[in-house]
Every structure is written in C-alpha cells, then in structure tokens.
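Note sheet for the following structure.
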Amino acid sequence: RNGDRIVLYVRGDSALTDTFTVRPGRTLRLPNLPDVALHGVLRGELQGHLAAHIARFVRDPVVESESLIRLGLLGQVARPGYYFVTTDGLVTDAIMAAGGPTQDADLTKATVRRGTTELWNREQLRAAVIDGVTVDQLGLRSGDEIMIGQRRSRWESVLRTAGYLSGIVLGIYGATQVAR
C-alpha cells in the first residue's frame with residue numbers, strides 16, 4: 001500500500017540495498033532502474049516479484065526483501081506513536097517497538113482499531129497474542145492502531161468498593177426511615 005516501506009537487500013549492490021517507500025499508484029522507485037509496479041502483488045510474493053524485476057537489469061541477483069507497515073502503538077506504552085513494523089513480526093514485537101508496556105498497562109484491555117472501527121476487541125486480540133499471530137495474520141495495514149489499556153489503580157478499586165458499600169448502607173437506612 002501507499003506509504004508502506006520495503007527493506008531491500010541486493011548482494012553486491014549498495015544502491016539497491018536500502019529501505020524504499022511504496023509510492024502512489026503502488027509503485028516502488030529503485031535507483032537506476034525503472035519503477036516496479038506492486039499493484040496486485042501480495043506480501044508473500046514480494047521477494048520473488050522484486051527479484052524477477054531486478055534480474056532484468058542485474059545478472060544473477062541475490063535479493064532479500066521485507067515489508068514494513070506503519071502502526072499506531074498508543075495508550076499505555078513507553079513511547080506512544082507510529083512505528084514501522086515488519087508484517088511477519090508478532091503483535092508483541094510491535095508493542096515492544098514502542099518501548100513495551102508501561103507499569104500501568106493492562107494488556108488484556110488491548111484493542112486494534114482502524115479509524116473509528118474496532119477491528120479486534122480485547123478478547124479476540126488476547127487470543128491472537130496467545131496464539132502467536134503475526135501482524136499480517138491479523139490483517140493489519142498502515143494506519144491501524146493498537147491501543148493498550150490502563151490497569152485500574154489499587155486506590156481506584158478501594159474507592160469504587162467503598163462507594164458501592166456506602167450506597168447499599170444509605171439505601172437500607174433510607175428504606176428503614178421511609179417505613180417509619
């Protein structure tokens with residue numbers, strides 16, 4: 001997709017060994033070569049597609065490639081923001097790219113959203129993380145956001161419980177006063 005990045009390694013060619021950004025029209029501009037059309041090329045087909053294109057201009061190239069997408073890692077992570085992560089990396093690897101969860105993080109409250117739409121709710125994402133699902137297997141694309149939730153503080157829990165109990169006590173007291 002437009003804005004994704006591709007890490008390319010071509011043995012013996014330092015000009016082609018770099019990170020390149022997918023341009024509008026789903027093309028990749030490589031130095032000293034014609035642009036590569038990527039429309040309809042799946043991530044799993046990327047390396048072969050690039051190797052075939054480069055082989056038209058470079059004799060017997062050894063080509064390795066990896067695609068990166070830009071994900072928002074927000075909420076309770078050490079360095080919230082947008083990061084380029086590998087598509088074949090685990091969701092937990094993406095979270096670690098943002099410095100990992102904070103002390104207040106509750107990973108069981110993590111969700112994935114695309115704009116205002118929740119793609120993966122907390123239970124679904126938790127199961128995916130336990131299963132070792134990759135970013136690509138989640139169907140994530142550039143711009144999607146992983147939101148890490150916050151754990152309740154101990155005082156918040158104590159105050160909430162005290163509020164419930166005082167409500168019950170006041171309700172019972174009020175009911176006994178009305179009955180008089």
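Note on naming: chains are A, B, ... as they come in the structure tokens, residues start from 1 per chain, ligands start from 1 in the order shown.
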
Quiz item: Excluding same-chain residues fewer than 3 positions from His39 (chain A), what lies within 9 Å of it counting only C-alpha atoms, as a ChimeraX atom specification?
Solution: /A:1,25-27,42

Quiz prompt | Contacts of region 140-146 of chain A at 6 Å (only C-alpha atoms; same-chain gap of 3+ positions) as a PyMOL selection string | solution = chain A and resi 69-73+111-114+135-136

Quiz item: A:Ala128, A:Leu138, A:Ile95, A:Val36: which is nearest Gly81 (chain A), counting only C-alpha atoms?
Solution: A:Ile95

Quiz prompt | Separation of CA of Arg151 (chain A) from CA of Arg79 (chain A), in Å and rounded to one decimal | solution = 17.4 Å

Practice problem: Would you list, as a PyMOL selection string, the residues of region 8-179 of chain A that end up in helix (DSSP H, G or I) under DSSP run on this structure's backbone? | Solution: chain A and resi 43-55+91-97+122-130+154-179

Practice problem: Quick one: everything within 12 Å of Gly99 (chain A), counting only C-alpha atoms, minus sequence neighbours fewer than 4 positions away in the same chain. Send it as a PyMOL selection string. | Solution: chain A and resi 73-81+83+92-95+103
